file input.csv (CSV, C-alpha atoms)
chain,number,residue,atom,x,y,z
K,1,MET,CA,83.0,108.3,81.4
K,2,ASN,CA,85.4,111.1,81.9
K,3,ASP,CA,83.6,113.3,84.5
K,4,LEU,CA,81.2,112.7,87.4
K,5,SER,CA,77.7,113.7,86.5
K,6,PRO,CA,75.5,115.6,89.0
K,7,ALA,CA,73.8,112.2,89.6
K,8,CYS,CA,77.1,110.6,90.4
K,9,SER,CA,78.0,113.5,92.8
K,10,SER,CA,74.7,112.9,94.6
K,11,ASP,CA,75.5,109.2,94.8
K,12,LEU,CA,78.9,110.1,96.2
K,13,HIS,CA,77.3,112.2,99.0
K,14,ARG,CA,74.9,109.4,99.9
K,15,ALA,CA,77.7,106.9,99.9
K,16,SER,CA,79.7,109.1,102.2
K,17,GLU,CA,76.8,109.5,104.6
K,18,HIS,CA,76.3,105.7,104.5
K,19,TRP,CA,79.8,105.1,105.7
K,20,ASP,CA,79.6,107.9,108.2
K,21,ARG,CA,76.6,106.0,109.8
K,22,TRP,CA,78.4,102.7,109.4
K,23,GLN,CA,81.4,103.9,111.4
K,24,THR,CA,79.3,105.4,114.3
K,25,THR,CA,76.9,102.4,114.4
K,26,ARG,CA,79.8,100.0,114.5
K,27,GLN,CA,81.4,101.9,117.4
K,28,ALA,CA,78.1,102.0,119.3
K,29,ASN,CA,76.9,98.4,119.0
K,30,GLY,CA,80.3,96.8,119.5
K,31,GLN,CA,80.0,94.2,116.8
K,32,ILE,CA,82.9,91.7,117.1
K,33,TYR,CA,83.0,90.8,113.4
K,34,ALA,CA,81.9,93.0,110.5
K,35,ASP,CA,81.8,90.2,107.9
K,36,TRP,CA,82.6,86.6,107.0
K,37,GLY,CA,86.3,87.1,106.7
K,38,ASP,CA,86.7,88.6,110.1
K,39,HIS,CA,85.8,85.4,111.9
K,40,PRO,CA,89.1,83.8,113.1
K,41,THR,CA,88.0,80.3,112.3
K,42,VAL,CA,86.9,81.2,108.8
K,43,PHE,CA,90.0,83.3,108.2
K,44,LYS,CA,92.4,80.5,109.2
K,45,ALA,CA,90.5,78.0,107.0
K,46,VAL,CA,90.7,80.3,104.0
K,47,MET,CA,94.4,81.0,104.6
K,48,ARG,CA,95.0,77.2,104.8
K,49,GLU,CA,93.2,76.7,101.5
K,50,CYS,CA,95.1,79.5,99.8
K,51,PHE,CA,98.6,79.3,101.2
K,52,GLY,CA,98.7,75.7,102.6
K,53,ASN,CA,99.2,76.9,106.2
K,54,GLU,CA,96.7,78.6,108.5
K,55,ASN,CA,99.5,80.6,110.1
K,56,HIS,CA,100.3,82.3,106.8
K,57,ASP,CA,98.3,85.3,105.6
K,58,PHE,CA,98.4,88.3,103.3
K,59,PHE,CA,101.0,89.9,105.5
K,60,THR,CA,103.5,87.0,105.6
K,61,TYR,CA,103.0,86.3,101.9
K,62,LEU,CA,103.9,89.9,100.9
K,63,GLN,CA,106.8,89.9,103.2
K,64,ALA,CA,108.2,86.6,101.9
K,65,HIS,CA,107.6,87.2,98.2
K,66,TYR,CA,107.8,91.0,97.8
K,67,PRO,CA,110.4,92.0,100.5
K,68,HIS,CA,111.1,95.3,98.7
K,69,CYS,CA,107.6,96.5,99.8
K,70,GLN,CA,109.0,96.8,103.3
K,71,THR,CA,110.5,100.2,102.3
K,72,ALA,CA,107.5,101.1,100.1
K,73,HIS,CA,105.3,104.1,100.2
K,74,ALA,CA,101.8,102.8,99.5
K,75,LEU,CA,98.6,104.5,98.4
K,76,SER,CA,95.6,102.8,100.0
K,77,LEU,CA,92.2,103.4,98.2
K,78,CYS,CA,89.0,103.6,100.3
K,79,CYS,CA,91.0,103.0,103.4
K,80,GLY,CA,88.1,103.4,105.9
K,81,ASP,CA,89.4,104.1,109.4
K,82,GLY,CA,92.9,102.7,108.5
K,83,SER,CA,92.7,99.7,110.8
K,84,PHE,CA,94.0,97.3,108.2
K,85,GLU,CA,96.6,99.8,107.1
K,86,ALA,CA,97.9,100.2,110.6
K,87,GLN,CA,98.4,96.4,110.7
K,88,LEU,CA,100.4,96.6,107.4
K,89,ILE,CA,102.7,99.2,109.0
K,90,HIS,CA,103.0,97.4,112.3
K,91,LYS,CA,103.9,94.1,110.6
K,92,GLY,CA,106.5,95.9,108.4
K,93,VAL,CA,104.7,95.1,105.1
K,94,PHE,CA,104.9,98.7,104.0
K,95,GLU,CA,106.9,101.6,105.4
K,96,ARG,CA,104.5,104.4,104.8
K,97,ILE,CA,100.8,104.6,103.7
K,98,THR,CA,98.7,107.5,102.4
K,99,GLY,CA,95.0,106.5,102.7
K,100,LEU,CA,92.2,107.9,100.6
K,101,GLU,CA,88.7,107.9,102.1
K,102,ILE,CA,85.4,109.7,101.4
K,103,SER,CA,83.8,109.4,104.8
K,104,HIS,CA,84.7,112.1,107.3
K,105,GLU,CA,83.7,110.0,110.3
K,106,ARG,CA,85.9,107.1,109.2
K,107,ILE,CA,88.9,109.4,108.8
K,108,LYS,CA,88.1,111.1,112.2
K,109,HIS,CA,88.0,107.7,113.9
K,110,GLY,CA,91.1,106.5,112.1
K,111,GLN,CA,93.1,109.6,112.9
K,112,THR,CA,92.5,109.1,116.6
K,113,GLN,CA,93.7,105.5,116.3
K,114,ILE,CA,96.7,106.4,114.3
K,115,GLU,CA,97.7,109.1,116.9
K,116,ALA,CA,97.2,106.6,119.8
K,117,GLY,CA,99.3,104.1,118.0
K,118,HIS,CA,102.1,106.6,117.3
K,119,LEU,CA,101.8,106.1,113.6
K,120,SER,CA,101.2,109.7,112.5
K,121,GLU,CA,104.5,109.9,110.7
K,122,GLN,CA,103.8,106.7,108.7
K,123,MET,CA,100.1,107.0,108.0
K,124,THR,CA,98.3,109.9,106.4
K,125,PHE,CA,94.6,110.3,105.6
K,126,LEU,CA,93.2,112.4,102.7
K,127,GLN,CA,89.5,112.9,102.1
K,128,GLN,CA,89.1,112.3,98.4
K,129,ASP,CA,86.9,110.7,95.8
K,130,VAL,CA,88.8,107.8,94.2
K,131,ASN,CA,86.5,107.9,91.1
K,132,LEU,CA,88.5,110.9,89.8
K,133,GLY,CA,91.8,109.1,89.7
K,134,HIS,CA,93.7,112.1,91.1
K,135,PHE,CA,96.5,110.2,92.7
K,136,GLY,CA,99.6,112.0,91.5
K,137,ALA,CA,102.3,110.9,89.1
K,138,ALA,CA,105.0,108.3,89.7
K,139,CYS,CA,104.9,109.0,93.5
K,140,PHE,CA,103.9,105.6,95.0
K,141,ASP,CA,105.6,102.2,95.0
K,142,VAL,CA,102.4,100.3,95.6
K,143,VAL,CA,98.7,101.0,95.2
K,144,PHE,CA,96.8,98.9,97.9
K,145,ALA,CA,93.1,98.2,97.6
K,146,LYS,CA,91.3,96.2,100.3
K,147,ALA,CA,87.5,96.0,99.7
K,148,ALA,CA,88.0,99.2,97.7
K,149,LEU,CA,87.8,98.6,93.9
K,150,HIS,CA,84.2,97.3,94.1
K,151,HIS,CA,83.1,100.7,95.4
K,152,ILE,CA,84.5,102.6,92.4
K,153,GLU,CA,82.0,103.5,89.6
K,154,ASN,CA,84.4,105.2,87.3
K,155,LEU,CA,86.9,102.3,86.9
K,156,GLU,CA,88.3,103.9,83.7
K,157,LEU,CA,89.5,107.0,85.4
K,158,ALA,CA,90.5,105.2,88.5
K,159,PHE,CA,92.7,102.7,86.7
K,160,GLU,CA,94.3,105.5,84.6
K,161,GLY,CA,95.1,107.2,87.9
K,162,ILE,CA,96.5,104.0,89.5
K,163,LYS,CA,98.9,103.4,86.6
K,164,ARG,CA,99.9,107.1,86.5
K,165,CYS,CA,100.7,107.3,90.2
K,166,LEU,CA,102.9,104.2,90.3
K,167,LYS,CA,106.6,104.4,90.0
K,168,PRO,CA,108.3,102.1,87.3
K,169,GLY,CA,107.9,98.5,88.5
K,170,GLY,CA,105.2,99.5,91.0
K,171,LEU,CA,102.5,97.1,92.1
K,172,LEU,CA,98.8,97.0,92.5
K,173,VAL,CA,97.9,94.8,95.5
K,174,THR,CA,94.2,94.1,96.1
K,175,ILE,CA,92.0,92.0,98.4
K,176,ASP,CA,88.6,92.6,97.0
K,177,PHE,CA,85.1,91.5,95.9
K,178,PHE,CA,84.9,90.6,92.3
K,179,GLY,CA,81.5,89.0,92.4
K,180,PRO,CA,78.1,90.0,90.9
K,181,THR,CA,77.5,93.7,90.4
K,182,ARG,CA,75.0,95.1,92.9
K,183,PHE,CA,75.0,91.7,94.7
K,184,GLN,CA,72.9,90.1,92.1
K,185,TRP,CA,73.7,86.6,93.4
K,186,THR,CA,73.5,83.7,91.1
K,187,ASP,CA,70.8,81.0,91.5
K,188,GLU,CA,73.6,78.5,92.2
K,189,GLN,CA,75.2,80.4,95.1
K,190,LEU,CA,71.8,81.2,96.7
K,191,HIS,CA,70.8,77.5,96.5
K,192,ALA,CA,74.2,76.4,98.0
K,193,CYS,CA,74.0,79.0,100.8
K,194,ASN,CA,70.4,78.3,101.9
K,195,TRP,CA,70.8,74.6,101.6
K,196,PHE,CA,73.8,74.6,104.0
K,197,TRP,CA,72.1,77.0,106.4
K,198,GLU,CA,69.0,74.8,106.5
K,199,HIS,CA,70.7,71.4,106.7
K,200,ARG,CA,74.1,71.8,108.3
K,201,VAL,CA,74.0,74.4,111.0
K,202,LEU,CA,72.7,73.9,114.5
K,203,PRO,CA,68.9,73.9,114.8
K,204,THR,CA,69.1,76.7,117.3
K,205,PHE,CA,70.6,78.9,114.6
K,206,LEU,CA,67.5,78.6,112.4
K,207,SER,CA,65.5,81.1,114.4
K,208,ASP,CA,66.2,84.5,115.9
K,209,ALA,CA,65.9,85.6,119.5
K,210,ASP,CA,62.1,86.1,119.1
K,211,ASN,CA,61.8,82.5,117.8
K,212,SER,CA,61.0,83.7,114.3
K,213,LEU,CA,62.5,81.5,111.6
K,214,ASN,CA,65.4,83.0,109.6
K,215,GLU,CA,64.4,84.2,106.2
K,216,PRO,CA,66.4,82.6,103.3
K,217,ILE,CA,69.1,84.7,101.8
K,218,ARG,CA,67.7,86.3,98.7
K,219,ARG,CA,69.0,88.4,95.8
K,220,PRO,CA,68.5,92.0,96.7
K,221,SER,CA,66.7,94.4,94.3
K,222,ILE,CA,69.0,96.9,92.6
K,223,GLU,CA,66.9,99.7,93.9
K,224,SER,CA,67.5,98.5,97.5
K,225,MET,CA,71.2,98.3,96.9
K,226,ILE,CA,71.4,101.9,95.6
K,227,ASN,CA,69.3,103.1,98.5
K,228,MET,CA,71.6,101.4,101.0
K,229,ASP,CA,74.9,102.6,99.4
K,230,PRO,CA,75.1,103.7,95.8
K,231,SER,CA,78.8,102.6,95.7
K,232,GLU,CA,78.3,99.1,96.9
K,233,ALA,CA,79.5,96.6,94.3
K,234,VAL,CA,78.6,99.2,91.7
K,235,ARG,CA,80.7,97.6,89.0
K,236,SER,CA,82.3,94.7,90.8
K,237,SER,CA,82.0,92.2,88.0
K,238,ASP,CA,84.0,94.5,85.7
K,239,ILE,CA,87.1,94.9,87.9
K,240,MET,CA,89.1,91.9,86.8
K,241,ALA,CA,88.8,92.9,83.1
K,242,HIS,CA,90.3,96.3,84.0
K,243,ILE,CA,93.1,94.8,86.0
K,244,GLU,CA,94.0,92.4,83.1
K,245,SER,CA,93.9,95.1,80.5
K,246,ASN,CA,96.1,97.5,82.4
K,247,PHE,CA,98.4,95.2,84.4
K,248,GLN,CA,100.4,92.0,84.2
K,249,VAL,CA,98.8,89.7,86.9
K,250,LEU,CA,101.5,88.1,89.0
K,251,GLU,CA,99.3,86.4,91.6
K,252,ASN,CA,95.6,85.6,91.7
K,253,PHE,CA,94.4,83.7,94.7
K,254,ALA,CA,90.8,82.6,94.9
K,255,LEU,CA,89.6,83.4,98.5
K,256,GLY,CA,86.1,82.1,98.1
K,257,GLY,CA,83.3,84.0,99.9
K,258,THR,CA,80.8,83.0,97.2
K,259,VAL,CA,78.9,81.0,99.7
K,260,MET,CA,80.6,82.1,103.0
K,261,ASN,CA,79.8,85.8,102.5
K,262,LEU,CA,76.1,85.0,102.1
K,263,LEU,CA,76.0,82.3,104.8
K,264,LEU,CA,77.5,84.7,107.4
K,265,TYR,CA,75.8,87.9,106.1
K,266,GLY,CA,75.0,90.7,108.5
K,267,ASN,CA,75.1,89.7,112.1
K,268,ARG,CA,74.9,85.9,111.4
K,269,VAL,CA,78.7,85.9,111.6
K,270,ASN,CA,78.5,87.0,115.2
K,271,ARG,CA,76.4,84.0,116.2
K,272,PHE,CA,79.4,81.7,115.8
K,273,ASN,CA,81.5,81.6,118.9
K,274,GLU,CA,85.1,81.1,118.0
K,275,LYS,CA,85.6,79.2,121.3
K,276,ASP,CA,82.8,76.7,120.7
K,277,PRO,CA,84.1,73.6,119.0
K,278,PHE,CA,80.7,72.8,117.5
K,279,HIS,CA,80.4,76.3,116.0
K,280,ASN,CA,83.9,76.0,114.6
K,281,ALA,CA,83.2,72.6,113.1
K,282,ILE,CA,80.3,74.0,111.2
K,283,LEU,CA,82.4,76.9,109.8
K,284,GLU,CA,85.2,74.5,108.8
K,285,GLU,CA,82.7,72.3,107.0
K,286,ALA,CA,81.2,75.4,105.3
K,287,VAL,CA,84.6,76.5,104.0
K,288,LEU,CA,85.3,73.0,102.7
K,289,PHE,CA,81.8,72.8,101.1
K,290,GLU,CA,82.4,76.1,99.3
K,291,ARG,CA,85.9,75.1,98.2
K,292,GLN,CA,84.6,71.9,96.6
K,293,LEU,CA,82.1,73.9,94.6
K,294,LEU,CA,84.8,76.2,93.5
K,295,ASP,CA,87.2,73.4,92.6
K,296,ASN,CA,84.5,71.6,90.6
K,297,GLY,CA,83.6,74.7,88.6
K,298,VAL,CA,80.1,75.0,90.0
K,299,LEU,CA,80.8,78.4,91.5
K,300,SER,CA,83.5,81.0,90.9
K,301,SER,CA,85.4,82.9,93.6
K,302,ASP,CA,83.7,86.2,94.5
K,303,PHE,CA,86.7,87.3,96.6
K,304,ARG,CA,90.4,87.4,95.4
K,305,PHE,CA,93.8,88.4,96.4
K,306,VAL,CA,95.6,89.8,93.4
K,307,ILE,CA,99.1,91.2,92.9
K,308,ALA,CA,99.8,92.9,89.5
K,309,LYS,CA,102.4,95.0,87.9
K,310,ALA,CA,101.6,97.9,85.5
K,311,LYS,CA,102.2,97.0,81.8
K,312,ALA,CA,104.9,99.0,80.0

call {"tool": "encode", "arguments": {"input": "input.csv", "output": "structure tokens"}}
result
Amino acid sequence: MNDLSPACSSDLHRASEHWDRWQTTRQANGQIYADWGDHPTVFKAVMRECFGNENHDFFTYLQAHYPHCQTAHALSLCCGDGSFEAQLIHKGVFERITGLEISHERIKHGQTQIEAGHLSEQMTFLQQDVNLGHFGAACFDVVFAKAALHHIENLELAFEGIKRCLKPGGLLVTIDFFGPTRFQWTDEQLHACNWFWEHRVLPTFLSDADNSLNEPIRRPSIESMINMDPSEAVRSSDIMAHIESNFQVLENFALGGTVMNLLLYGNRVNRFNEKDPFHNAILEEAVLFERQLLDNGVLSSDFRFVIAKAKA
């Protein structure tokens, strides 16, 4: 797969339109949390499971174990509006970031934020298709990918580009979805998610505002996934194989999300008030429930934090 076919170009345009709409809709409806990992209670519980301390996170881990990154120029793939990248700069994880994004609206919104935060000299946006792998040669210290790799269809070209653009000793740092391609959830994770929702959450959560019962989480059709966003989890189950064949994996943290992502899918995550102890107790139990399934080999982790170095 060396070039994008016309069909792929069409998919790219549709994906761009999807994320344009996502950005404007998110600004309009004022959603607090976009997904499961945004909820503070869940995030702290996952950090506690991964790093042994809920006050540690991706930022503090990179600062402690890879301090040379603090002077690094990083390339961020599929950077969206650059909100996470702005945090990386503010916290001193990376010195400069060039962000690649296909959505015009996301870049437009991000540029406004970057200017307001006086980060224009440290953060730059480029509108570009990451599938082509045109990232330059030996010009970046780090390639950073948060929720990015699972949107790339041409993983072959992209990984060639990632290796090519890194300086000697450069790193790939990714926080991403490695689960089933096109969200074709396994029977085991669907059962675990729906069992927990039915038996362990508050009864008031089982119905919507109009008193209709929540439908169980189901495996979406591939057609519906493509219609929603052709890039969503397009080859997510292939990502780890590409990392391992091109890089030496230095760190590989299982973040979970195999149950939690489904359990808190869509606006469900915003039904849990972080200031309500009963709500927090449910979320803490859910994270523990998922971790036990992971530790016992019943499920594998859909989300991972991976740090890798390009092979010679």

call {"tool": "atom_distance", "arguments": {"input": "input.csv", "atom1": "CA of Phe303 in chain K", "atom2": "CA of Asp129 in chain K"}}
result
23.4 Å

call {"tool": "atom_distance", "arguments": {"input": "input.csv", "atom1": "CA of Asn261 in chain K", "atom2": "CA of Phe59 in chain K"}}
result
21.8 Å

call {"tool": "residues_around", "arguments": {"input": "input.csv", "residues": "range 263-269 of chain K", "least_positions_apart": "3", "cutoff": "12 Å", "atoms": "only C-alpha atoms", "output": "number ranges by chain"}}
result
K: 26, 29-42, 189-198, 200-201, 205-208, 214-218, 257-260, 272-274, 279-280, 282-283, 286-287, 289-290

call {"tool": "closest_residue", "arguments": {"input": "input.csv", "among": "K:Ser300, K:Asn55, K:Asn154, K:Gln122", "to": "Gly92 in chain K", "atoms": "all atoms listed in the file"}}
result
K:Gln122

call {"tool": "atom_distance", "arguments": {"input": "input.csv", "atom1": "CA of Ile307 in chain K", "atom2": "CA of Gln184 in chain K"}}
result
26.2 Å

call {"tool": "closest_residue", "arguments": {"input": "input.csv", "among": "K:Tyr66, K:Phe144, K:Trp185, K:Phe135", "to": "Gly161 in chain K", "atoms": "only C-alpha atoms"}}
result
K:Phe135
